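Okay, structure first, notes after.
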Amino acid sequence: MRKAVHMAVTSVIVGLVVSGCGDSDDGKKESKPSGEATQTAQRSPSSSPAAQGTIIERSAGSWKSIVAAKSDDALATLTIADGKVTAKGPKLDCTGTLKSGQKGGEDEPSLTLSCKGGSDGGRGEGAVGMKGDDALAINWKGPEGGFGGPVDSFRRAG
C-alpha cells in the first residue's frame, strides 16, 4: 500500500512539473531570457553598436597589456583620446598619434609612437587592429630591412 501511494504522489508531481504547474495558455510558455543572459547579450562585442564604428572611435579609452611587463622596453598601459596616444611601461614613457588608414579595403589606422626612457623596443610606427571592443593589438613595423617588430596586445582597462 505504501508503495502504491508513493508511486501515485510521484506521478502527480512529475505530471505537474512536465505540464508547467497548471499553466493555462494551452501548454505554451513564454520564453523570457534571464537577467544574466540579457546583460551578456548587451555586452557582446559583435552585437554592440560601437562595434560598427571605426577602429579609432572604438579604441578610445584606457588599455592594459595582456602580458606582464617583463622587460624595460615593454608597454604596460595605453591610453587613447582624440587621436592622441600615451603609453607607459616599466621604463618607457611614450606619446603618439593615431591616424586613420585602410589596407585591403579594411579599416587599419596607424600609430606613430616616440618613447623616452630608453629603447622603444622596435616600435615607432605600427598598425592598430581590434577584435570586438575589448581587444586591441598593435603590429609594429620594426627596424628597416627586418621581418617586423613586436606585437603589443591589450585588453580594455576598467
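As shown in the C-alpha cells, the chain order sets the letters A, B, ...; within each chain, residues go from 1, and ligands are also counted from 1 in the order they appear.
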
Polymer residues at most 12 Å from A:Gly146, only C-alpha atoms, same-chain spacing of 5 or more positions, as a ChimeraX atom specification: /A:122,140-141

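What separates atom CA of A:Gly126 from atom CA of A:Gly158 is a distance of 24.7 Å.
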
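Residues within 8 Å of A:Pro109, counting only C-alpha atoms and excluding same-chain residues fewer than 3 positions away, are Ile55, Ile56, Leu98, Lys99, Ser100, Gly101, Gln102, Ala127, Val128 and Gly129 of chain A.
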
Contacts of stretch 80-122 of chain A with stretch 148-157 of chain A up to 12 Å, shortest pair per row, only C-alpha atoms, as a Markdown table:
| residue | atom | partner | partner_atom | distance |
| --- | --- | --- | --- | --- |
| A:Ile80 | CA | A:Arg156 | CA | 11.0 |
| A:Ala87 | CA | A:Asp152 | CA | 11.1 |
| A:Gly89 | CA | A:Asp152 | CA | 11.7 |
| A:Asp120 | CA | A:Pro150 | CA | 10.4 |
| A:Gly121 | CA | A:Pro150 | CA | 7.6 |
| A:Gly122 | CA | A:Gly149 | CA | 5.4 |

Save the residues we just selected, C-alpha atoms, as a CSV table (one decimal), in the first residue's frame?
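Contents of again-v5.csv, freshly written:
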chain,number,residue,atom,x,y,z
A,80,ILE,CA,43.8,56.8,-26.5
A,87,ALA,CA,51.8,54.5,-23.4
A,89,GLY,CA,56.0,50.7,-19.4
A,120,ASP,CA,61.5,51.8,-27.8
A,121,GLY,CA,61.8,48.0,-28.3
A,122,GLY,CA,61.4,48.1,-32.1
